[in-house]
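Worksheet: the structure to be examined is printed underneath.
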Number of protein chains: 2
Amino acid sequence: MSDHRFMLDPKLTADTHPVVRWRFSDVLLMNDARFPWLILVPRVPDVTELFQLAGPQRAGVVHEAMVLGETLQGLFSAEKINTAMLGNVVPQLHIHVIARFSSDSAWPGPVWGVGAAQPYSQGALRQRLEQLLSGLPNL
Amino acid sequence: MSDHRFMLDPKLTADTHPVVRWRFSDVLLMNDARFPWLILVPRVPDVTELFQLAGPQRAGVVHEAMVLGETLQGLFSAEKINTAMLGNVVPQLHIHVIARFSSDSAWPGPVWGVGAAQPYSQGALRQRLEQLLSGLPNL
């Protein structure tokens, strides 16, 4: 499902790599090798809060976020999944889904605004995308 | 709906004031007057991730989180609602729902781990709880 008026926010475009397109949302990989950090963006224009979506669309997006979180937990043996909708910097509705470990550099704090992003090398990016694509279902 | 084995995490008990009991979750007020900061805790024992809940229970909890966010936005004319499930410090499943403003002390960053909490005075707490109870529906 898509709305032709939808355009991904330029900052999200700049900071991420596309992973897969699901029915309601695009799945993006944050270009920061410190964390397995995915971003789900519902393809709906002019929406900043999940509660603004109509019921079925909202349920579809939530389902996609849950599948993404559960898949990351399995793929990476994450100790905790962080799922968050902030939008203070980029208002366009997007959901962070992040695999967290007590050994990661931001633990137990949140990842936003901590240190500098470490962009993936080409090889590490290819490997990470293959890993994600092998684990994520088609939705 | 409740499970008699459910017990609120001691840190959540210590850091919050109870606001209202909804069908699936308890609504708590974080004892930090810097932000209108609510916490929703589904009364389910031994759960750390929303995706672990069965479908109807999960949908009920998500509905409560959406109502809470929309109510906070209306009550406080918030510029943005932050909705997040982290759990790196307190693993018991809980959902932060926070009204954010470009004038608040953590903007545009997240609120967790920023500065020191400012406990409510007795008068400010009573006023805040009355305001919340007048605005929140019965669920």
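The way I read the labels, and the way they are meant: chains A, B, ... in the order of the structure tokens, residue 1 as the first residue of every chain, and ligand 1 as the first ligand shown, with later ones counted on from there.
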
Could you fit chain B onto chain A with a least-squares superposition over all C-alpha atoms, matched one to one in order, and give me the transformed chain as a compact mmCIF listing (two decimals) with N, CA, C and O atoms, in the first residue's frame?
```txt
# COMPACT_ATOMS: atom_id res chain seq x y z
N MET B 1 0.85 -1.22 -0.08
CA MET B 1 0.00 -0.04 -0.03
C MET B 1 0.88 1.19 -0.02
O MET B 1 1.76 1.32 0.79
N SER B 2 0.60 2.10 -0.94
CA SER B 2 1.42 3.30 -1.01
C SER B 2 0.58 4.49 -1.41
O SER B 2 -0.47 4.35 -2.03
N ASP B 3 1.06 5.61 -1.01
CA ASP B 3 0.45 6.87 -1.40
C ASP B 3 1.48 7.59 -2.24
O ASP B 3 2.61 7.79 -1.80
N HIS B 4 1.12 7.99 -3.45
CA HIS B 4 2.13 8.56 -4.34
C HIS B 4 2.66 9.89 -3.83
O HIS B 4 3.67 10.38 -4.31
N ARG B 5 1.97 10.47 -2.86
CA ARG B 5 2.47 11.73 -2.31
C ARG B 5 3.56 11.52 -1.27
O ARG B 5 4.19 12.46 -0.81
N PHE B 6 3.78 10.26 -0.86
CA PHE B 6 4.79 9.99 0.17
C PHE B 6 6.20 10.17 -0.38
O PHE B 6 6.55 9.66 -1.44
N MET B 7 7.01 10.90 0.37
CA MET B 7 8.44 11.01 0.04
C MET B 7 9.24 10.84 1.31
O MET B 7 8.95 11.50 2.32
N LEU B 8 10.24 9.98 1.28
CA LEU B 8 11.08 9.77 2.45
C LEU B 8 11.80 11.07 2.80
O LEU B 8 12.34 11.75 1.92
N ASP B 9 11.82 11.39 4.09
CA ASP B 9 12.52 12.57 4.58
C ASP B 9 13.99 12.54 4.13
O ASP B 9 14.65 11.50 4.20
N PRO B 10 14.54 13.68 3.68
CA PRO B 10 15.93 13.70 3.18
C PRO B 10 16.96 13.26 4.21
O PRO B 10 17.96 12.63 3.86
N LYS B 11 16.73 13.55 5.49
CA LYS B 11 17.70 13.13 6.50
C LYS B 11 17.66 11.61 6.68
O LYS B 11 18.72 10.98 6.85
N LEU B 12 16.46 11.02 6.64
CA LEU B 12 16.38 9.56 6.72
C LEU B 12 17.06 8.94 5.49
O LEU B 12 17.77 7.95 5.59
N THR B 13 16.83 9.54 4.31
CA THR B 13 17.49 9.04 3.11
C THR B 13 19.01 9.07 3.27
O THR B 13 19.71 8.11 2.94
N ALA B 14 19.52 10.17 3.82
CA ALA B 14 20.97 10.35 3.93
C ALA B 14 21.58 9.42 4.97
O ALA B 14 22.73 8.97 4.81
N ASP B 15 20.84 9.11 6.03
CA ASP B 15 21.42 8.38 7.17
C ASP B 15 21.24 6.87 7.09
O ASP B 15 21.70 6.15 8.00
N THR B 16 20.56 6.37 6.07
CA THR B 16 20.20 4.95 6.07
C THR B 16 20.48 4.28 4.71
O THR B 16 20.72 4.96 3.71
N HIS B 17 20.42 2.96 4.73
CA HIS B 17 20.40 2.15 3.50
C HIS B 17 19.07 1.41 3.44
O HIS B 17 18.63 0.87 4.46
N PRO B 18 18.45 1.36 2.26
CA PRO B 18 17.19 0.60 2.17
C PRO B 18 17.45 -0.90 2.31
O PRO B 18 18.43 -1.42 1.81
N VAL B 19 16.55 -1.59 3.00
CA VAL B 19 16.68 -3.03 3.20
C VAL B 19 15.60 -3.77 2.43
O VAL B 19 15.88 -4.62 1.59
N VAL B 20 14.35 -3.46 2.74
CA VAL B 20 13.25 -4.17 2.08
C VAL B 20 12.00 -3.29 2.16
O VAL B 20 11.89 -2.41 3.01
N ARG B 21 11.11 -3.52 1.23
CA ARG B 21 9.85 -2.79 1.21
C ARG B 21 8.76 -3.74 1.67
O ARG B 21 8.53 -4.77 1.03
N TRP B 22 8.09 -3.43 2.76
CA TRP B 22 6.99 -4.24 3.23
C TRP B 22 5.66 -3.61 2.80
O TRP B 22 5.65 -2.57 2.16
N ARG B 23 4.58 -4.24 3.18
CA ARG B 23 3.29 -3.77 2.68
C ARG B 23 2.99 -2.34 3.12
O ARG B 23 2.53 -1.52 2.33
N PHE B 24 3.24 -2.05 4.40
CA PHE B 24 2.89 -0.72 4.91
C PHE B 24 4.10 0.21 5.02
O PHE B 24 3.96 1.41 5.00
N SER B 25 5.28 -0.39 5.19
CA SER B 25 6.45 0.43 5.53
C SER B 25 7.68 0.04 4.73
O SER B 25 7.79 -1.09 4.25
N ASP B 26 8.60 0.98 4.63
CA ASP B 26 9.96 0.69 4.16
C ASP B 26 10.83 0.36 5.36
O ASP B 26 10.75 1.03 6.40
N VAL B 27 11.67 -0.67 5.21
CA VAL B 27 12.62 -1.03 6.26
C VAL B 27 13.99 -0.49 5.86
O VAL B 27 14.49 -0.80 4.77
N LEU B 28 14.58 0.31 6.74
CA LEU B 28 15.87 0.96 6.45
C LEU B 28 16.89 0.53 7.50
O LEU B 28 16.54 0.29 8.65
N LEU B 29 18.15 0.50 7.09
CA LEU B 29 19.25 0.22 8.02
C LEU B 29 19.98 1.52 8.31
O LEU B 29 20.47 2.18 7.38
N MET B 30 20.06 1.87 9.58
CA MET B 30 20.81 3.07 9.97
C MET B 30 22.27 2.83 9.66
O MET B 30 22.82 1.75 9.96
N ASN B 31 22.90 3.81 9.05
CA ASN B 31 24.31 3.65 8.65
C ASN B 31 25.22 3.91 9.85
O ASN B 31 25.98 4.89 9.89
N ASP B 32 25.14 3.01 10.82
CA ASP B 32 25.92 3.11 12.05
C ASP B 32 26.22 1.69 12.52
O ASP B 32 25.37 1.02 13.12
N ALA B 33 27.44 1.26 12.24
CA ALA B 33 27.82 -0.13 12.48
C ALA B 33 27.92 -0.48 13.96
O ALA B 33 28.10 -1.65 14.31
N ARG B 34 27.78 0.51 14.85
CA ARG B 34 27.89 0.22 16.28
C ARG B 34 26.70 -0.58 16.80
O ARG B 34 26.81 -1.27 17.82
N PHE B 35 25.55 -0.44 16.13
CA PHE B 35 24.33 -1.11 16.59
C PHE B 35 23.57 -1.70 15.41
O PHE B 35 23.50 -1.06 14.36
N PRO B 36 22.96 -2.87 15.57
CA PRO B 36 21.98 -3.32 14.57
C PRO B 36 20.73 -2.46 14.74
O PRO B 36 19.93 -2.70 15.65
N TRP B 37 20.61 -1.45 13.92
CA TRP B 37 19.66 -0.35 14.14
C TRP B 37 18.83 -0.18 12.87
O TRP B 37 19.33 0.31 11.86
N LEU B 38 17.59 -0.58 12.94
CA LEU B 38 16.69 -0.51 11.79
C LEU B 38 15.66 0.59 12.02
O LEU B 38 15.36 0.96 13.16
N ILE B 39 15.15 1.10 10.92
CA ILE B 39 14.11 2.13 10.99
C ILE B 39 12.98 1.74 10.04
O ILE B 39 13.22 1.40 8.88
N LEU B 40 11.79 1.77 10.58
CA LEU B 40 10.59 1.41 9.82
C LEU B 40 9.85 2.71 9.49
O LEU B 40 9.52 3.47 10.41
N VAL B 41 9.59 2.94 8.22
CA VAL B 41 8.91 4.17 7.83
C VAL B 41 7.62 3.85 7.07
O VAL B 41 7.67 3.38 5.92
N PRO B 42 6.47 4.03 7.71
CA PRO B 42 5.20 3.84 7.00
C PRO B 42 5.11 4.81 5.82
O PRO B 42 5.44 5.99 5.97
N ARG B 43 4.69 4.28 4.68
CA ARG B 43 4.63 5.13 3.48
C ARG B 43 3.33 5.94 3.47
O ARG B 43 2.43 5.69 2.65
N VAL B 44 3.23 6.86 4.38
CA VAL B 44 2.05 7.70 4.51
C VAL B 44 2.53 9.14 4.59
O VAL B 44 3.39 9.46 5.41
N PRO B 45 2.01 10.02 3.73
CA PRO B 45 2.48 11.41 3.76
C PRO B 45 1.89 12.17 4.93
O PRO B 45 0.78 11.87 5.39
N ASP B 46 2.63 13.15 5.41
CA ASP B 46 2.11 14.16 6.35
C ASP B 46 1.64 13.57 7.68
O ASP B 46 0.68 14.08 8.28
N VAL B 47 2.29 12.52 8.14
CA VAL B 47 1.91 11.94 9.42
C VAL B 47 3.13 11.96 10.34
O VAL B 47 4.24 11.61 9.93
N THR B 48 2.92 12.40 11.58
CA THR B 48 4.02 12.48 12.54
C THR B 48 3.81 11.56 13.74
O THR B 48 4.76 11.28 14.46
N GLU B 49 2.58 11.12 13.97
CA GLU B 49 2.29 10.28 15.14
C GLU B 49 1.55 9.03 14.69
O GLU B 49 0.65 9.10 13.85
N LEU B 50 1.89 7.91 15.30
CA LEU B 50 1.23 6.65 14.95
C LEU B 50 -0.27 6.72 15.18
O LEU B 50 -1.06 6.13 14.43
N PHE B 51 -0.68 7.48 16.22
CA PHE B 51 -2.13 7.52 16.51
C PHE B 51 -2.92 8.29 15.46
O PHE B 51 -4.14 8.27 15.47
N GLN B 52 -2.21 8.95 14.53
CA GLN B 52 -2.92 9.63 13.44
C GLN B 52 -3.33 8.66 12.33
O GLN B 52 -4.16 9.01 11.49
N LEU B 53 -2.75 7.48 12.30
CA LEU B 53 -3.10 6.52 11.25
C LEU B 53 -4.45 5.88 11.53
O LEU B 53 -4.81 5.65 12.69
N ALA B 54 -5.18 5.55 10.47
CA ALA B 54 -6.44 4.83 10.61
C ALA B 54 -6.17 3.43 11.15
O ALA B 54 -5.08 2.87 10.97
N GLY B 55 -7.17 2.85 11.81
CA GLY B 55 -7.03 1.59 12.52
C GLY B 55 -6.30 0.47 11.77
O GLY B 55 -5.28 -0.04 12.26
N PRO B 56 -6.76 0.09 10.58
CA PRO B 56 -6.12 -1.05 9.90
C PRO B 56 -4.67 -0.75 9.51
O PRO B 56 -3.80 -1.62 9.63
N GLN B 57 -4.41 0.47 9.08
CA GLN B 57 -3.06 0.86 8.71
C GLN B 57 -2.16 0.87 9.95
O GLN B 57 -1.03 0.37 9.92
N ARG B 58 -2.68 1.39 11.03
CA ARG B 58 -1.93 1.42 12.28
C ARG B 58 -1.61 -0.02 12.73
O ARG B 58 -0.47 -0.32 13.11
N ALA B 59 -2.59 -0.88 12.65
CA ALA B 59 -2.36 -2.28 13.06
C ALA B 59 -1.32 -2.94 12.17
O ALA B 59 -0.49 -3.72 12.64
N GLY B 60 -1.36 -2.62 10.87
CA GLY B 60 -0.37 -3.18 9.95
C GLY B 60 1.03 -2.71 10.27
O GLY B 60 1.99 -3.50 10.27
N VAL B 61 1.17 -1.44 10.58
CA VAL B 61 2.48 -0.89 10.91
C VAL B 61 2.99 -1.50 12.22
O VAL B 61 4.17 -1.87 12.33
N VAL B 62 2.12 -1.61 13.21
CA VAL B 62 2.53 -2.20 14.50
C VAL B 62 2.97 -3.65 14.27
O VAL B 62 3.99 -4.09 14.82
N HIS B 63 2.22 -4.38 13.46
CA HIS B 63 2.60 -5.76 13.17
C HIS B 63 4.00 -5.81 12.55
O HIS B 63 4.84 -6.63 12.93
N GLU B 64 4.25 -4.92 11.60
CA GLU B 64 5.58 -4.90 10.97
C GLU B 64 6.68 -4.57 11.98
O GLU B 64 7.76 -5.17 11.96
N ALA B 65 6.40 -3.64 12.91
CA ALA B 65 7.40 -3.30 13.93
C ALA B 65 7.67 -4.49 14.85
O ALA B 65 8.81 -4.74 15.25
N MET B 66 6.61 -5.24 15.17
CA MET B 66 6.78 -6.41 16.04
C MET B 66 7.59 -7.51 15.34
O MET B 66 8.47 -8.12 15.94
N VAL B 67 7.28 -7.74 14.07
CA VAL B 67 8.03 -8.75 13.32
C VAL B 67 9.50 -8.33 13.20
O VAL B 67 10.41 -9.15 13.36
N LEU B 68 9.73 -7.06 12.95
CA LEU B 68 11.09 -6.57 12.83
C LEU B 68 11.85 -6.78 14.15
O LEU B 68 12.99 -7.28 14.16
N GLY B 69 11.23 -6.42 15.26
CA GLY B 69 11.88 -6.57 16.55
C GLY B 69 12.18 -8.03 16.88
O GLY B 69 13.28 -8.38 17.32
N GLU B 70 11.20 -8.88 16.65
CA GLU B 70 11.39 -10.30 16.97
C GLU B 70 12.46 -10.91 16.07
O GLU B 70 13.27 -11.73 16.51
N THR B 71 12.50 -10.48 14.81
CA THR B 71 13.51 -11.00 13.89
C THR B 71 14.91 -10.55 14.33
O THR B 71 15.86 -11.35 14.34
N LEU B 72 15.04 -9.28 14.69
CA LEU B 72 16.36 -8.78 15.15
C LEU B 72 16.81 -9.53 16.40
O LEU B 72 17.98 -9.90 16.53
N GLN B 73 15.87 -9.76 17.31
CA GLN B 73 16.24 -10.48 18.53
C GLN B 73 16.79 -11.87 18.19
O GLN B 73 17.79 -12.31 18.75
N GLY B 74 16.13 -12.54 17.24
CA GLY B 74 16.59 -13.87 16.86
C GLY B 74 17.91 -13.84 16.09
O GLY B 74 18.83 -14.60 16.39
N LEU B 75 18.01 -12.94 15.12
CA LEU B 75 19.21 -12.88 14.27
C LEU B 75 20.46 -12.53 15.06
O LEU B 75 21.55 -13.05 14.79
N PHE B 76 20.33 -11.62 16.02
CA PHE B 76 21.52 -11.10 16.70
C PHE B 76 21.62 -11.57 18.15
O PHE B 76 22.53 -11.15 18.86
N SER B 77 20.70 -12.43 18.59
CA SER B 77 20.64 -12.84 20.00
C SER B 77 20.72 -11.61 20.91
O SER B 77 21.49 -11.56 21.87
N ALA B 78 19.90 -10.62 20.58
CA ALA B 78 19.91 -9.37 21.34
C ALA B 78 19.42 -9.59 22.76
O ALA B 78 18.56 -10.43 23.01
N GLU B 79 19.98 -8.84 23.69
CA GLU B 79 19.52 -8.92 25.07
C GLU B 79 18.23 -8.13 25.25
O GLU B 79 17.41 -8.44 26.11
N LYS B 80 18.06 -7.09 24.44
CA LYS B 80 16.87 -6.25 24.55
C LYS B 80 16.64 -5.60 23.21
O LYS B 80 17.59 -5.26 22.50
N ILE B 81 15.38 -5.46 22.87
CA ILE B 81 15.01 -4.69 21.68
C ILE B 81 14.50 -3.33 22.14
O ILE B 81 13.64 -3.26 23.02
N ASN B 82 15.05 -2.27 21.59
CA ASN B 82 14.53 -0.92 21.85
C ASN B 82 13.65 -0.53 20.67
O ASN B 82 14.09 -0.56 19.52
N THR B 83 12.42 -0.15 20.98
CA THR B 83 11.47 0.25 19.94
C THR B 83 10.98 1.64 20.29
O THR B 83 10.46 1.84 21.39
N ALA B 84 11.17 2.59 19.40
CA ALA B 84 10.85 3.97 19.79
C ALA B 84 10.42 4.82 18.62
O ALA B 84 10.95 4.72 17.52
N MET B 85 9.45 5.67 18.91
CA MET B 85 9.02 6.72 17.99
C MET B 85 9.30 8.04 18.68
O MET B 85 8.65 8.37 19.66
N LEU B 86 10.30 8.77 18.19
CA LEU B 86 10.66 10.04 18.80
C LEU B 86 10.23 11.16 17.87
O LEU B 86 9.22 11.79 18.07
N GLY B 87 11.02 11.42 16.82
CA GLY B 87 10.58 12.40 15.83
C GLY B 87 10.85 13.84 16.22
O GLY B 87 10.28 14.75 15.63
N ASN B 88 11.70 14.07 17.22
CA ASN B 88 12.01 15.45 17.59
C ASN B 88 12.87 16.13 16.54
O ASN B 88 12.82 17.34 16.37
N VAL B 89 13.69 15.34 15.84
CA VAL B 89 14.56 15.89 14.81
C VAL B 89 13.93 15.72 13.42
O VAL B 89 13.84 16.67 12.65
N VAL B 90 13.47 14.51 13.12
CA VAL B 90 12.78 14.23 11.86
C VAL B 90 11.32 13.94 12.20
O VAL B 90 11.01 12.88 12.73
N PRO B 91 10.43 14.90 11.92
CA PRO B 91 9.03 14.69 12.33
C PRO B 91 8.32 13.57 11.56
O PRO B 91 7.37 12.99 12.09
N GLN B 92 8.74 13.27 10.34
CA GLN B 92 8.06 12.21 9.58
C GLN B 92 8.01 10.93 10.41
O GLN B 92 9.04 10.48 10.93
N LEU B 93 6.82 10.34 10.52
CA LEU B 93 6.65 9.15 11.35
C LEU B 93 7.64 8.05 10.97
O LEU B 93 7.71 7.64 9.82
N HIS B 94 8.42 7.61 11.96
CA HIS B 94 9.33 6.49 11.74
C HIS B 94 9.57 5.80 13.08
O HIS B 94 9.49 6.45 14.14
N ILE B 95 9.83 4.53 13.01
CA ILE B 95 9.96 3.72 14.23
C ILE B 95 11.37 3.13 14.27
O ILE B 95 11.77 2.39 13.37
N HIS B 96 12.10 3.46 15.31
CA HIS B 96 13.41 2.87 15.53
C HIS B 96 13.24 1.47 16.13
O HIS B 96 12.50 1.32 17.11
N VAL B 97 13.93 0.48 15.60
CA VAL B 97 13.93 -0.86 16.18
C VAL B 97 15.40 -1.29 16.24
O VAL B 97 16.05 -1.47 15.21
N ILE B 98 15.91 -1.43 17.45
CA ILE B 98 17.36 -1.54 17.65
C ILE B 98 17.66 -2.74 18.53
O ILE B 98 17.06 -2.90 19.60
N ALA B 99 18.61 -3.57 18.10
CA ALA B 99 19.06 -4.69 18.93
C ALA B 99 20.12 -4.18 19.90
O ALA B 99 21.11 -3.59 19.48
N ARG B 100 19.91 -4.41 21.18
CA ARG B 100 20.81 -3.87 22.20
C ARG B 100 21.49 -5.00 22.98
O ARG B 100 20.92 -6.07 23.17
N PHE B 101 22.69 -4.68 23.45
CA PHE B 101 23.52 -5.64 24.17
C PHE B 101 24.19 -4.93 25.34
O PHE B 101 24.59 -3.76 25.20
N SER B 102 24.38 -5.64 26.44
CA SER B 102 25.05 -5.00 27.59
C SER B 102 26.49 -4.67 27.25
O SER B 102 27.15 -3.90 27.95
N SER B 103 26.99 -5.21 26.14
CA SER B 103 28.36 -4.90 25.71
C SER B 103 28.42 -3.74 24.72
O SER B 103 29.51 -3.34 24.30
N ASP B 104 27.27 -3.18 24.32
CA ASP B 104 27.36 -2.12 23.30
C ASP B 104 27.76 -0.79 23.93
O ASP B 104 27.69 -0.60 25.14
N SER B 105 28.18 0.15 23.08
CA SER B 105 28.85 1.35 23.58
C SER B 105 27.91 2.35 24.25
O SER B 105 28.39 3.30 24.88
N ALA B 106 26.62 2.17 24.13
CA ALA B 106 25.69 3.11 24.75
C ALA B 106 24.95 2.50 25.94
O ALA B 106 24.25 3.21 26.66
N TRP B 107 25.05 1.21 26.13
CA TRP B 107 24.31 0.50 27.18
C TRP B 107 24.61 1.06 28.56
O TRP B 107 25.77 1.34 28.84
N PRO B 108 23.65 1.21 29.49
CA PRO B 108 22.22 0.92 29.29
C PRO B 108 21.44 2.13 28.79
O PRO B 108 20.23 2.10 28.77
N GLY B 109 22.14 3.18 28.40
CA GLY B 109 21.45 4.36 27.89
C GLY B 109 20.88 4.12 26.52
O GLY B 109 21.15 3.10 25.88
N PRO B 110 20.09 5.07 26.02
CA PRO B 110 19.58 4.98 24.65
C PRO B 110 20.70 5.29 23.65
O PRO B 110 21.76 5.79 24.04
N VAL B 111 20.48 5.02 22.38
CA VAL B 111 21.53 5.19 21.38
C VAL B 111 21.55 6.59 20.76
O VAL B 111 22.58 7.01 20.23
N TRP B 112 20.44 7.31 20.88
CA TRP B 112 20.35 8.59 20.16
C TRP B 112 21.28 9.62 20.76
O TRP B 112 21.30 9.82 21.99
N GLY B 113 22.04 10.28 19.91
CA GLY B 113 22.90 11.37 20.35
C GLY B 113 24.14 10.94 21.11
O GLY B 113 24.83 11.76 21.70
N VAL B 114 24.43 9.65 21.11
CA VAL B 114 25.59 9.13 21.83
C VAL B 114 26.75 8.94 20.86
O VAL B 114 26.66 8.13 19.93
N GLY B 115 27.85 9.64 21.07
CA GLY B 115 29.03 9.48 20.23
C GLY B 115 28.71 9.76 18.76
O GLY B 115 27.71 10.38 18.43
N ALA B 116 29.63 9.32 17.90
CA ALA B 116 29.46 9.56 16.47
C ALA B 116 29.13 8.25 15.77
O ALA B 116 29.65 7.19 16.13
N ALA B 117 28.24 8.34 14.77
CA ALA B 117 27.91 7.15 13.98
C ALA B 117 29.17 6.61 13.32
O ALA B 117 30.04 7.38 12.90
N GLN B 118 29.28 5.29 13.24
CA GLN B 118 30.39 4.65 12.52
C GLN B 118 29.83 4.04 11.24
O GLN B 118 29.26 2.95 11.29
N PRO B 119 29.99 4.74 10.12
CA PRO B 119 29.43 4.22 8.87
C PRO B 119 29.96 2.82 8.57
O PRO B 119 31.11 2.51 8.88
N TYR B 120 29.12 1.98 7.97
CA TYR B 120 29.54 0.64 7.56
C TYR B 120 30.59 0.74 6.46
O TYR B 120 30.48 1.58 5.55
N SER B 121 31.59 -0.14 6.50
CA SER B 121 32.45 -0.33 5.33
C SER B 121 31.60 -1.04 4.26
O SER B 121 30.55 -1.61 4.57
N GLN B 122 32.07 -1.01 3.02
CA GLN B 122 31.31 -1.67 1.94
C GLN B 122 31.08 -3.15 2.24
O GLN B 122 29.99 -3.68 2.06
N GLY B 123 32.14 -3.81 2.70
CA GLY B 123 32.03 -5.24 2.99
C GLY B 123 31.09 -5.53 4.15
O GLY B 123 30.26 -6.44 4.08
N ALA B 124 31.22 -4.73 5.20
CA ALA B 124 30.37 -4.94 6.37
C ALA B 124 28.91 -4.64 6.04
O ALA B 124 27.99 -5.31 6.53
N LEU B 125 28.71 -3.65 5.19
CA LEU B 125 27.33 -3.31 4.79
C LEU B 125 26.71 -4.46 4.00
O LEU B 125 25.58 -4.87 4.26
N ARG B 126 27.47 -5.00 3.04
CA ARG B 126 26.94 -6.10 2.24
C ARG B 126 26.58 -7.29 3.13
O ARG B 126 25.52 -7.90 3.01
N GLN B 127 27.48 -7.59 4.06
CA GLN B 127 27.26 -8.72 4.97
C GLN B 127 26.01 -8.48 5.85
O GLN B 127 25.17 -9.37 6.02
N ARG B 128 25.89 -7.27 6.38
CA ARG B 128 24.75 -6.94 7.24
C ARG B 128 23.44 -7.02 6.47
O ARG B 128 22.43 -7.58 6.95
N LEU B 129 23.45 -6.50 5.23
CA LEU B 129 22.22 -6.53 4.43
C LEU B 129 21.84 -7.96 4.06
O LEU B 129 20.66 -8.34 4.09
N GLU B 130 22.84 -8.78 3.73
CA GLU B 130 22.55 -10.19 3.42
C GLU B 130 21.96 -10.90 4.64
O GLU B 130 21.01 -11.68 4.52
N GLN B 131 22.55 -10.63 5.80
CA GLN B 131 22.07 -11.24 7.03
C GLN B 131 20.61 -10.85 7.30
O GLN B 131 19.77 -11.70 7.62
N LEU B 132 20.31 -9.57 7.12
CA LEU B 132 18.95 -9.09 7.35
C LEU B 132 17.98 -9.70 6.35
O LEU B 132 16.90 -10.17 6.71
N LEU B 133 18.38 -9.70 5.08
CA LEU B 133 17.47 -10.20 4.05
C LEU B 133 17.22 -11.70 4.20
O LEU B 133 16.15 -12.19 3.85
N SER B 134 18.21 -12.41 4.73
CA SER B 134 18.00 -13.85 4.94
C SER B 134 17.07 -14.11 6.12
O SER B 134 16.40 -15.14 6.18
N GLY B 135 17.01 -13.17 7.07
CA GLY B 135 16.22 -13.41 8.28
C GLY B 135 14.83 -12.79 8.25
O GLY B 135 13.91 -13.29 8.90
N LEU B 136 14.65 -11.71 7.50
CA LEU B 136 13.37 -11.01 7.51
C LEU B 136 12.37 -11.70 6.59
O LEU B 136 12.71 -12.06 5.46
N PRO B 137 11.15 -11.88 7.04
CA PRO B 137 10.12 -12.48 6.17
C PRO B 137 9.64 -11.46 5.13
O PRO B 137 9.96 -10.28 5.22
N ASN B 138 8.90 -11.93 4.16
CA ASN B 138 8.21 -11.02 3.24
C ASN B 138 6.87 -10.65 3.84
O ASN B 138 6.06 -11.52 4.12
N LEU B 139 6.65 -9.37 4.04
CA LEU B 139 5.37 -8.92 4.61
C LEU B 139 4.68 -7.99 3.60
O LEU B 139 5.33 -7.34 2.82
```

Using the chain letters and numbers from this document, which residues of segment 26-132 of chain B does DSSP assign to helix (DSSP H, G or I), as number ranges by chain?
B: 50-52, 55-76, 122-132
